[in-house]
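Asker: This one is final_28.cif, mmCIF, C-alpha atoms and all ligand atoms.
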```
data_structure
#
loop_
_atom_site.label_atom_id
_atom_site.label_comp_id
_atom_site.auth_asym_id
_atom_site.auth_seq_id
_atom_site.Cartn_x
_atom_site.Cartn_y
_atom_site.Cartn_z
CA MET A 318 0.00 0.00 0.00
CA GLU A 319 1.21 3.46 -0.85
CA ASP A 320 2.15 5.37 2.28
CA ALA A 321 0.47 8.77 2.52
CA GLN A 322 2.59 11.67 3.61
CA LYS A 323 1.51 13.65 6.62
CA GLY A 324 -0.93 16.53 6.22
CA PRO A 325 0.26 20.05 5.41
CA ASP A 326 1.46 22.18 8.34
CA HIS A 327 1.16 25.38 6.32
CA ILE A 328 -1.67 25.96 3.85
CA ALA A 329 -1.76 29.10 1.70
CA ILE A 330 -4.87 30.09 -0.25
CA ILE A 331 -5.41 32.45 -3.18
CA MET A 332 -9.04 33.29 -2.46
CA ASP A 333 -10.25 34.10 -5.97
CA GLY A 334 -13.62 34.38 -7.70
CA ASN A 335 -15.69 36.61 -5.40
CA GLY A 336 -16.61 38.91 -8.28
CA ARG A 337 -17.62 36.04 -10.59
CA TRP A 338 -19.66 34.45 -7.79
CA ALA A 339 -21.61 37.69 -7.42
CA ALA A 340 -21.95 38.27 -11.18
CA ALA A 341 -23.41 34.77 -11.63
CA ARG A 342 -26.16 35.81 -9.22
CA GLY A 343 -26.71 39.23 -10.76
CA LEU A 344 -25.30 40.90 -7.65
CA PRO A 345 -22.72 43.69 -7.22
CA ARG A 346 -19.14 42.50 -6.54
CA LEU A 347 -19.37 43.63 -2.91
CA PHE A 348 -21.83 40.81 -2.21
CA GLY A 349 -19.22 38.34 -3.45
CA HIS A 350 -16.63 39.82 -1.10
CA ARG A 351 -19.10 39.60 1.80
CA ALA A 352 -19.82 35.95 1.03
CA GLY A 353 -16.05 35.48 0.71
CA ALA A 354 -15.59 36.73 4.27
CA GLU A 355 -17.94 33.96 5.44
CA ALA A 356 -15.79 31.41 3.61
CA VAL A 357 -12.76 32.81 5.44
CA ARG A 358 -14.49 32.26 8.78
CA ARG A 359 -15.40 28.64 7.88
CA THR A 360 -11.92 27.89 6.55
CA VAL A 361 -10.13 29.28 9.61
CA GLU A 362 -12.36 27.16 11.84
CA ALA A 363 -11.81 24.02 9.72
CA CYS A 364 -8.03 24.49 9.64
CA CYS A 365 -8.03 24.91 13.41
CA GLU A 366 -9.95 21.67 13.88
CA LEU A 367 -7.65 19.83 11.49
CA GLY A 368 -4.51 20.87 13.34
CA VAL A 369 -3.06 23.04 10.57
CA LYS A 370 -0.29 25.17 12.08
CA VAL A 371 -0.22 28.10 9.67
CA LEU A 372 -2.92 29.36 7.28
CA THR A 373 -1.93 32.19 4.94
CA LEU A 374 -4.74 33.92 3.05
CA TYR A 375 -4.18 36.20 0.08
CA ALA A 376 -6.76 38.86 0.93
CA PHE A 377 -5.56 41.92 -1.01
CA SER A 378 -2.69 42.14 -3.46
CA TRP A 379 -0.44 45.10 -4.17
CA GLU A 380 -1.92 45.13 -7.68
CA ASN A 381 -5.48 45.14 -6.31
CA TRP A 382 -4.95 48.86 -5.56
CA ASP A 383 -5.43 49.35 -9.31
CA ARG A 384 -9.11 48.40 -9.00
CA PRO A 385 -11.73 51.18 -8.87
CA ALA A 386 -11.50 53.22 -5.65
CA ARG A 387 -15.03 52.23 -4.74
CA GLU A 388 -14.13 48.53 -4.67
CA THR A 389 -10.84 49.00 -2.78
CA GLY A 390 -12.69 51.18 -0.27
CA GLU A 391 -15.34 48.52 0.25
CA LEU A 392 -12.70 45.83 0.64
CA MET A 393 -10.88 47.88 3.28
CA GLU A 394 -14.14 48.46 5.20
CA LEU A 395 -14.94 44.78 5.01
CA LEU A 396 -11.48 43.90 6.28
CA ASP A 397 -11.82 46.24 9.24
CA GLU A 398 -15.27 44.86 10.06
CA PHE A 399 -14.08 41.26 9.70
CA VAL A 400 -11.11 41.66 12.02
CA ARG A 401 -13.20 43.45 14.66
CA ARG A 402 -15.96 40.87 14.50
CA GLU A 403 -13.72 37.78 14.46
CA LEU A 404 -11.26 38.89 17.12
CA PRO A 405 -13.10 37.28 20.08
CA THR A 406 -13.41 33.97 18.15
CA LEU A 407 -9.76 34.03 17.12
CA HIS A 408 -8.80 34.60 20.69
CA ALA A 409 -11.14 31.88 22.03
CA ASN A 410 -9.68 29.40 19.52
CA HIS A 411 -6.09 30.41 20.36
CA VAL A 412 -5.41 31.71 16.86
CA ARG A 413 -2.61 34.18 16.45
CA LEU A 414 -3.21 36.84 13.81
CA ARG A 415 -0.35 38.10 11.66
CA ALA A 416 -0.19 40.19 8.49
CA ILE A 417 2.31 40.38 5.63
CA GLY A 418 2.60 43.02 2.93
CA ARG A 419 3.24 46.74 2.68
CA LEU A 420 0.99 47.32 5.68
CA GLU A 421 1.98 50.99 5.86
CA THR A 422 -0.09 51.56 2.70
CA LEU A 423 -3.34 50.41 4.38
CA PRO A 424 -5.78 53.09 5.59
CA SER A 425 -4.70 54.15 9.10
CA GLY A 426 -7.93 52.95 10.74
CA VAL A 427 -7.60 49.48 9.22
CA LEU A 428 -3.96 49.31 10.25
CA ALA A 429 -4.88 50.27 13.82
CA THR A 430 -7.57 47.56 13.97
CA LEU A 431 -5.09 45.01 12.67
CA GLN A 432 -2.36 46.04 15.06
CA ARG A 433 -4.72 45.78 18.00
CA ALA A 434 -5.86 42.30 16.91
CA MET A 435 -2.27 41.18 16.37
CA ALA A 436 -1.22 42.46 19.79
CA GLU A 437 -4.20 40.83 21.51
CA THR A 438 -3.57 37.43 19.93
CA ALA A 439 0.23 37.53 20.10
CA GLY A 440 0.31 34.87 22.82
CA CYS A 441 -2.01 32.42 21.00
CA ASP A 442 -0.28 29.26 19.83
CA ARG A 443 -2.78 26.79 18.35
CA MET A 444 -2.66 28.18 14.82
CA THR A 445 -1.24 31.25 13.07
CA LEU A 446 -3.52 33.04 10.63
CA VAL A 447 -1.54 35.21 8.24
CA LEU A 448 -3.40 37.78 6.14
CA ALA A 449 -1.53 38.93 3.04
CA LEU A 450 -2.58 42.57 2.61
CA SER A 451 -1.19 45.10 0.16
CA TYR A 452 0.99 42.10 -0.55
CA GLY A 453 3.11 41.33 -3.59
CA GLY A 454 5.81 38.68 -3.85
CA ARG A 455 8.06 40.88 -5.98
CA GLN A 456 7.56 43.82 -3.62
CA GLU A 457 8.50 41.56 -0.69
CA ILE A 458 11.73 40.53 -2.43
CA VAL A 459 12.51 44.18 -3.25
CA ASP A 460 11.87 45.21 0.37
CA ALA A 461 14.18 42.46 1.66
CA THR A 462 16.86 43.55 -0.81
CA ARG A 463 16.61 47.13 0.41
CA ARG A 464 17.11 46.01 4.00
CA LEU A 465 20.16 43.96 3.06
CA ALA A 466 21.60 46.81 0.98
CA THR A 467 21.18 49.15 3.95
CA LEU A 468 23.06 46.73 6.22
CA VAL A 469 25.88 46.49 3.65
CA ARG A 470 26.09 50.28 3.37
CA GLN A 471 26.27 50.55 7.15
CA GLY A 472 29.18 48.10 7.12
CA ARG A 473 27.19 45.56 9.15
CA LEU A 474 26.97 42.93 6.43
CA ASP A 475 29.46 41.50 3.93
CA PRO A 476 27.73 40.73 0.57
CA ALA A 477 29.55 37.37 0.57
CA GLN A 478 27.44 36.38 3.61
CA ILE A 479 24.18 36.66 1.63
CA ASP A 480 22.79 33.22 0.90
CA GLU A 481 19.23 31.81 0.69
CA THR A 482 18.94 31.42 4.46
CA LEU A 483 20.06 34.95 5.24
CA PHE A 484 17.91 36.41 2.47
CA ALA A 485 14.81 34.58 3.75
CA ARG A 486 15.43 36.07 7.19
CA HIS A 487 14.60 39.50 5.76
CA LEU A 488 11.22 38.57 4.30
CA TYR A 489 7.99 39.78 5.98
CA ALA A 490 7.40 36.70 8.17
CA ALA A 491 10.83 35.18 8.42
CA ASP A 492 9.96 32.90 11.33
CA LEU A 493 7.19 31.03 9.49
CA PRO A 494 7.78 27.88 7.42
CA ASP A 495 7.21 27.86 3.64
CA PRO A 496 3.72 26.75 2.59
CA ASP A 497 3.33 23.01 1.98
CA LEU A 498 0.09 23.33 0.05
CA LEU A 499 -1.16 26.23 -2.07
CA ILE A 500 -4.85 26.26 -3.02
CA ARG A 501 -6.35 28.58 -5.63
CA THR A 502 -10.08 28.82 -6.18
CA SER A 503 -12.05 29.79 -9.31
CA GLY A 504 -9.91 27.77 -11.71
CA GLU A 505 -7.18 30.28 -12.52
CA GLN A 506 -3.76 28.66 -12.85
CA ARG A 507 -1.40 31.45 -11.89
CA LEU A 508 0.43 32.76 -8.85
CA SER A 509 -0.64 36.43 -9.24
CA ASN A 510 2.43 37.64 -7.34
CA PHE A 511 1.75 35.53 -4.22
CA LEU A 512 4.61 34.17 -2.08
CA LEU A 513 7.07 33.97 -5.00
CA TRP A 514 10.05 33.14 -2.82
CA GLN A 515 8.29 30.86 -0.35
CA SER A 516 6.39 28.69 -2.84
CA SER A 517 9.36 27.33 -4.78
CA TYR A 518 8.57 23.75 -3.65
CA THR A 519 4.95 24.15 -2.58
CA GLU A 520 2.37 21.67 -3.89
CA TRP A 521 -0.40 23.22 -5.99
CA TYR A 522 -4.12 22.50 -5.87
CA VAL A 523 -6.61 24.35 -8.08
CA THR A 524 -10.37 24.04 -7.73
CA SER A 525 -12.89 25.53 -10.14
CA LYS A 526 -15.17 26.57 -7.27
CA CYS A 527 -15.36 30.29 -6.55
CA TRP A 528 -14.07 31.31 -3.13
CA PRO A 529 -17.50 32.01 -1.51
CA ASP A 530 -18.48 28.38 -2.26
CA PHE A 531 -15.30 26.87 -0.80
CA SER A 532 -16.33 24.42 1.93
CA LYS A 533 -14.71 22.18 4.52
CA GLU A 534 -15.20 19.26 2.08
CA ASP A 535 -13.23 21.16 -0.57
CA LEU A 536 -10.48 21.75 1.96
CA LEU A 537 -10.43 18.05 2.85
CA ASP A 538 -10.23 17.16 -0.87
CA ALA A 539 -7.24 19.47 -1.28
CA ILE A 540 -5.51 17.97 1.75
CA ALA A 541 -6.22 14.42 0.55
CA ALA A 542 -4.73 15.25 -2.86
CA TYR A 543 -1.67 16.67 -1.12
CA GLU A 544 -1.24 13.54 0.98
CA ARG A 545 -1.16 11.38 -2.16
CA ARG A 546 1.69 13.40 -3.67
CA GLU A 547 5.36 12.69 -3.38
CA ARG A 548 7.49 15.73 -2.66
CA ARG A 549 10.98 15.26 -4.02
CA PHE A 550 12.70 18.62 -3.67
CA GLY A 551 14.84 17.80 -6.69
CA LYS A 552 15.97 14.41 -5.40
CA THR A 553 15.24 11.03 -6.98
CA MET A 554 12.08 9.12 -6.03
CA VAL A 555 11.93 8.20 -2.39
CA ARG A 556 8.93 5.89 -2.50
CA GLY A 557 9.30 2.57 -4.32
C1 LIG B 1 -10.88 37.68 -4.96
O1 LIG B 1 -11.98 37.78 -5.80
C2 LIG B 1 -10.83 38.80 -3.94
C3 LIG B 1 -9.79 39.80 -4.20
C4 LIG B 1 -8.93 39.77 -5.16
C5 LIG B 1 -9.74 40.93 -3.28
P1 LIG B 1 -11.98 38.74 -7.07
O2 LIG B 1 -12.46 40.07 -6.65
O3 LIG B 1 -10.65 38.72 -7.75
O4 LIG B 1 -13.07 38.02 -7.97
P2 LIG B 1 -13.00 37.73 -9.53
O5 LIG B 1 -11.68 37.07 -9.81
O6 LIG B 1 -13.13 39.05 -10.22
O7 LIG B 1 -14.14 36.81 -9.79
C1 LIG B 2 -5.24 37.42 -6.57
O1 LIG B 2 -6.44 37.51 -7.25
C2 LIG B 2 -5.25 38.32 -5.36
C3 LIG B 2 -6.12 37.89 -4.27
C4 LIG B 2 -6.81 36.78 -4.23
C5 LIG B 2 -6.18 38.79 -3.15
P1 LIG B 2 -6.65 38.51 -8.46
O2 LIG B 2 -8.05 38.35 -8.90
O3 LIG B 2 -6.21 39.87 -8.08
O4 LIG B 2 -5.63 37.93 -9.53
P2 LIG B 2 -5.62 38.06 -11.12
O5 LIG B 2 -5.80 39.51 -11.46
O6 LIG B 2 -6.75 37.24 -11.64
O7 LIG B 2 -4.29 37.50 -11.55
MG MG B 3 -9.83 37.55 -9.17
#
```
Represent the structure from my file as structure tokens, please.
Ligand code: IPE
Ligand code: IPE
Ligand code: MG

Answerer:
Amino acid sequence: MEDAQKGPDHIAIIMDGNGRWAAARGLPRLFGHRAGAEAVRRTVEACCELGVKVLTLYAFSWENWDRPARETGELMELLDEFVRRELPTLHANHVRLRAIGRLETLPSGVLATLQRAMAETAGCDRMTLVLALSYGGRQEIVDATRRLATLVRQGRLDPAQIDETLFARHLYAADLPDPDLLIRTSGEQRLSNFLLWQSSYTEWYVTSKCWPDFSKEDLLDAIAAYERRERRFGKTMVRG
């Protein structure tokens, strides 16, 4: 019998298809984003129950700022509302909230809500929920490079010391492991600037379902598919 590998410790999700979900129902895009927030709540709860250690959700990309101001405004309001509303549940379930991205570009009120939630859950250790906000993988790599260049200029770092390990230490959430499983909803087969550095050996799973329809069963299907895979990391086959 083929031996299944253990479940993923870190799941990352590109939550896509809110707009199409709403359009299919003749509703404005905002309704899709609202339904998407419900899917976030369900997914966080399911991951907690399943013993997932880290869940990273792509909630707003750097490029999403190029959408109409009305939509970005609504998304920011929804984010603020979601974090406020979910904070007691996150706390009760011992979920630590983190955020990655150019957070300084978020509206100040949203940033304050996030910072308060992150501070209040800092001691929680059952699961870490990472929200990628104003996030871009290329921007993250550029930001890390700037930090390293500053250290070199200050004479605190020799360029010869820069290797993959040291570089990774300057990314937004350097202490977290790379994702094991990356799920994208709504059928699109692209990374859209998500976790470029961290996903070099991550297993992919794409479902055609739009994000608001993503259920615990869909999550279990993705995990089951992951467990049937063999991760080789460039080596020869390890299973016979
Ligand atoms: C994902 O849904 C949510 C965000 C990107 C903020 P979309 O808004 O991209 O929905 P589609 O892809 O247009 O259907
Ligand atoms: C990726 O979805 C970003 C998020 C899910 C937050 P997009 O809808 O922005 O990606 P593209 O434009 O289809 O590549
Ligand atoms: Mg989309």

Asker: Using only C-alpha atoms, find the one residue out of A:Thr524, A:Asn510, A:Thr430, A:Gln478 that sits nearest to Leu395 (chain A).

Answerer: A:Thr430

Asker: For Glu421 (chain A), find every residue with an atom within 12 Å (counting all atoms listed in the file), except residues of its own chain fewer than 3 positions away, and show them as JSON, numbers by chain.

Answerer: {"A": [379, 416, 417, 418, 424, 425, 426, 427, 428, 429, 431, 432, 450, 451, 452]}

Asker: To check your reading of the model: which residues sit at most 9 Å from ligand LIG 1 (chain B) when counting all atoms listed in the file? Write the answer as a count of residues only.

Answerer: 28

Asker: Taking only C-alpha atoms and all ligand atoms into account, name the residue in A:Glu534, A:Glu380, A:Gln515, A:Gly368 that is nearest to ligand MG 3 (chain B).

Answerer: A:Glu380

Asker: Using 4 Å of padding on each side, determine the axis-aligned box around all atoms of region 435-449 of chain A present in the file and give its centre and edge lengths in Å to one decimal, as JSON.

Answerer:
```
{"center_x": -1.9, "center_y": 34.6, "center_z": 12.9, "size_x": 12.5, "size_y": 23.7, "size_z": 27.8}
```

Asker: Which is closest to Thr406 (chain A) among A:Arg463, A:Lys526, A:Arg549, A:Arg359, if we use all atoms listed in the file?

Answerer: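 Ranked by minimum distance to Thr406 (chain A), first place goes to A:Arg359.
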
Asker: If I take CA of Val555 (chain A) and CA of Leu513 (chain A), how far is one from the other in Å, to one decimal?

Answerer: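 Computed distance, CA of Val555 (chain A) to CA of Leu513 (chain A), equals 26.4 Å.
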
Asker: Would you compute the distance between CA of Pro494 (chain A) and CA of Ser516 (chain A)? Give it in Å to one decimal.

Answerer: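 One can read the CA of Pro494 (chain A) to CA of Ser516 (chain A) distance as 10.4 Å.
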
Asker: If you measure from CA of Val369 (chain A) to CA of Val447 (chain A), what distance in Å do you get, rounded to one decimal?

Answerer: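 About the pair CA of Val369 (chain A) and CA of Val447 (chain A): they are 12.5 Å apart.
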
Asker: Counting only C-alpha atoms, note down every residue that has an atom within 9 Å of the point (-1.7, 21.6, -6.5) (file coordinates), as a list in words.

Answerer: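 Answer for this query, in the requested form: Leu498, Leu499, Ile500, Arg501, Thr519, Glu520, Trp521, Tyr522, Val523, Ala539, Ala542 and Tyr543 of chain A.
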
Asker: Pick from A:Leu508, A:Leu536, A:Leu396, A:Leu465: nearest to ligand MG 3 (chain B), with only C-alpha atoms and all ligand atoms counted?

Answerer: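 Using only C-alpha atoms and all ligand atoms, ligand MG 3 (chain B) sits closest to A:Leu508.
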
Asker: Nearest to ligand LIG 2 (chain B) among A:Arg384, A:Arg443, A:Arg486, A:Arg545, with distances taken over all atoms listed in the file: which residue is it?

Answerer: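 Counting all atoms listed in the file, the residue closest to ligand LIG 2 (chain B) is A:Arg384.
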
Asker: Name all residues at most 10 Å from Phe484 (chain A) (count all atoms listed in the file; drop same-chain ones fewer than 3 positions away) and give them as a PyMOL selection string.

Answerer: chain A and resi 458+461-462+464-465+478-481+487-488+491

Asker: Can you list, as a list in words, every protein, DNA or RNA residue that comes within 10 Å of Pro476 (chain A) when you count only C-alpha atoms, leaving out same-chain residues fewer than 6 positions away?

Answerer: Leu465, Ala466, Leu468 and Val469 of chain A

Asker: Suppose we keep C-alpha atoms; can you now write the selection as an mmCIF file, in the frame of the given file?

Answerer:
```cif
data_model
loop_
_atom_site.group_PDB
_atom_site.id
_atom_site.type_symbol
_atom_site.label_atom_id
_atom_site.label_comp_id
_atom_site.auth_asym_id
_atom_site.auth_seq_id
_atom_site.Cartn_x
_atom_site.Cartn_y
_atom_site.Cartn_z
ATOM 1 C CA LEU A 465 20.160 43.960 3.060
ATOM 2 C CA ALA A 466 21.600 46.810 0.980
ATOM 3 C CA LEU A 468 23.060 46.730 6.220
ATOM 4 C CA VAL A 469 25.880 46.490 3.650
#
```

Asker: Given only C-alpha atoms and all ligand atoms as the basis, pick out the residue of A:Gly390, A:Gly343, A:Gly324, A:Gly454 nearest to ligand LIG 2 (chain B).

Answerer: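 Of A:Gly390, A:Gly343, A:Gly324, A:Gly454, the one nearest ligand LIG 2 (chain B), counting only C-alpha atoms and all ligand atoms, is A:Gly454.
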
Asker: With the input short on atoms, add N, CA and C atoms back to region 419-442 of chain A and write it as a PDB file, in the frame of the given file.

Answerer:
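Saved file part09.pdb follows:
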```pdb
ATOM      1  N   ARG A 419       2.855  45.353   2.395  1.00  0.00           N
ATOM      2  CA  ARG A 419       3.240  46.740   2.680  1.00  0.00           C
ATOM      3  C   ARG A 419       2.128  47.362   3.515  1.00  0.00           C
ATOM      4  N   LEU A 420       2.103  46.965   4.786  1.00  0.00           N
ATOM      5  CA  LEU A 420       0.990  47.320   5.680  1.00  0.00           C
ATOM      6  C   LEU A 420       0.868  48.833   5.859  1.00  0.00           C
ATOM      7  N   GLU A 421       1.998  49.530   5.688  1.00  0.00           N
ATOM      8  CA  GLU A 421       1.980  50.990   5.860  1.00  0.00           C
ATOM      9  C   GLU A 421       1.112  51.680   4.804  1.00  0.00           C
ATOM     10  N   THR A 422       0.756  50.951   3.747  1.00  0.00           N
ATOM     11  CA  THR A 422      -0.090  51.560   2.700  1.00  0.00           C
ATOM     12  C   THR A 422      -1.589  51.338   2.970  1.00  0.00           C
ATOM     13  N   LEU A 423      -1.917  50.619   4.041  1.00  0.00           N
ATOM     14  CA  LEU A 423      -3.340  50.410   4.380  1.00  0.00           C
ATOM     15  C   LEU A 423      -3.883  51.691   5.012  1.00  0.00           C
ATOM     16  N   PRO A 424      -5.201  51.933   4.903  1.00  0.00           N
ATOM     17  CA  PRO A 424      -5.780  53.090   5.590  1.00  0.00           C
ATOM     18  C   PRO A 424      -5.455  53.017   7.087  1.00  0.00           C
ATOM     19  N   SER A 425      -5.194  54.174   7.718  1.00  0.00           N
ATOM     20  CA  SER A 425      -4.700  54.150   9.100  1.00  0.00           C
ATOM     21  C   SER A 425      -5.659  53.453  10.074  1.00  0.00           C
ATOM     22  N   GLY A 426      -6.964  53.599   9.845  1.00  0.00           N
ATOM     23  CA  GLY A 426      -7.930  52.950  10.740  1.00  0.00           C
ATOM     24  C   GLY A 426      -7.852  51.434  10.650  1.00  0.00           C
ATOM     25  N   VAL A 427      -7.698  50.931   9.436  1.00  0.00           N
ATOM     26  CA  VAL A 427      -7.600  49.480   9.220  1.00  0.00           C
ATOM     27  C   VAL A 427      -6.314  48.971   9.863  1.00  0.00           C
ATOM     28  N   LEU A 428      -5.238  49.714   9.683  1.00  0.00           N
ATOM     29  CA  LEU A 428      -3.960  49.310  10.250  1.00  0.00           C
ATOM     30  C   LEU A 428      -4.046  49.262  11.779  1.00  0.00           C
ATOM     31  N   ALA A 429      -4.746  50.239  12.356  1.00  0.00           N
ATOM     32  CA  ALA A 429      -4.880  50.270  13.820  1.00  0.00           C
ATOM     33  C   ALA A 429      -5.688  49.067  14.310  1.00  0.00           C
ATOM     34  N   THR A 430      -6.766  48.726  13.604  1.00  0.00           N
ATOM     35  CA  THR A 430      -7.570  47.560  13.970  1.00  0.00           C
ATOM     36  C   THR A 430      -6.720  46.283  13.913  1.00  0.00           C
ATOM     37  N   LEU A 431      -5.952  46.181  12.838  1.00  0.00           N
ATOM     38  CA  LEU A 431      -5.090  45.010  12.670  1.00  0.00           C
ATOM     39  C   LEU A 431      -4.046  44.913  13.771  1.00  0.00           C
ATOM     40  N   GLN A 432      -3.421  46.045  14.051  1.00  0.00           N
ATOM     41  CA  GLN A 432      -2.360  46.040  15.060  1.00  0.00           C
ATOM     42  C   GLN A 432      -2.895  45.656  16.431  1.00  0.00           C
ATOM     43  N   ARG A 433      -4.109  46.129  16.722  1.00  0.00           N
ATOM     44  CA  ARG A 433      -4.720  45.780  18.000  1.00  0.00           C
ATOM     45  C   ARG A 433      -4.997  44.268  18.049  1.00  0.00           C
ATOM     46  N   ALA A 434      -5.551  43.737  16.961  1.00  0.00           N
ATOM     47  CA  ALA A 434      -5.860  42.300  16.910  1.00  0.00           C
ATOM     48  C   ALA A 434      -4.588  41.461  16.989  1.00  0.00           C
ATOM     49  N   MET A 435      -3.536  41.925  16.341  1.00  0.00           N
ATOM     50  CA  MET A 435      -2.270  41.180  16.370  1.00  0.00           C
ATOM     51  C   MET A 435      -1.678  41.198  17.773  1.00  0.00           C
ATOM     52  N   ALA A 436      -1.769  42.350  18.422  1.00  0.00           N
ATOM     53  CA  ALA A 436      -1.220  42.460  19.790  1.00  0.00           C
ATOM     54  C   ALA A 436      -2.030  41.585  20.741  1.00  0.00           C
ATOM     55  N   GLU A 437      -3.360  41.601  20.584  1.00  0.00           N
ATOM     56  CA  GLU A 437      -4.200  40.830  21.510  1.00  0.00           C
ATOM     57  C   GLU A 437      -4.065  39.327  21.343  1.00  0.00           C
ATOM     58  N   THR A 438      -3.684  38.879  20.147  1.00  0.00           N
ATOM     59  CA  THR A 438      -3.570  37.430  19.930  1.00  0.00           C
ATOM     60  C   THR A 438      -2.111  36.961  19.891  1.00  0.00           C
ATOM     61  N   ALA A 439      -1.200  37.848  20.228  1.00  0.00           N
ATOM     62  CA  ALA A 439       0.230  37.530  20.100  1.00  0.00           C
ATOM     63  C   ALA A 439       0.638  36.281  20.891  1.00  0.00           C
ATOM     64  N   GLY A 440      -0.061  36.023  21.992  1.00  0.00           N
ATOM     65  CA  GLY A 440       0.310  34.870  22.820  1.00  0.00           C
ATOM     66  C   GLY A 440      -0.391  33.574  22.428  1.00  0.00           C
ATOM     67  N   CYS A 441      -1.243  33.607  21.404  1.00  0.00           N
ATOM     68  CA  CYS A 441      -2.010  32.420  21.000  1.00  0.00           C
ATOM     69  C   CYS A 441      -1.123  31.467  20.199  1.00  0.00           C
ATOM     70  N   ASP A 442      -1.241  30.162  20.481  1.00  0.00           N
ATOM     71  CA  ASP A 442      -0.280  29.260  19.830  1.00  0.00           C
ATOM     72  C   ASP A 442      -0.884  28.009  19.200  1.00  0.00           C
TER      73      ASP A 442
END
```
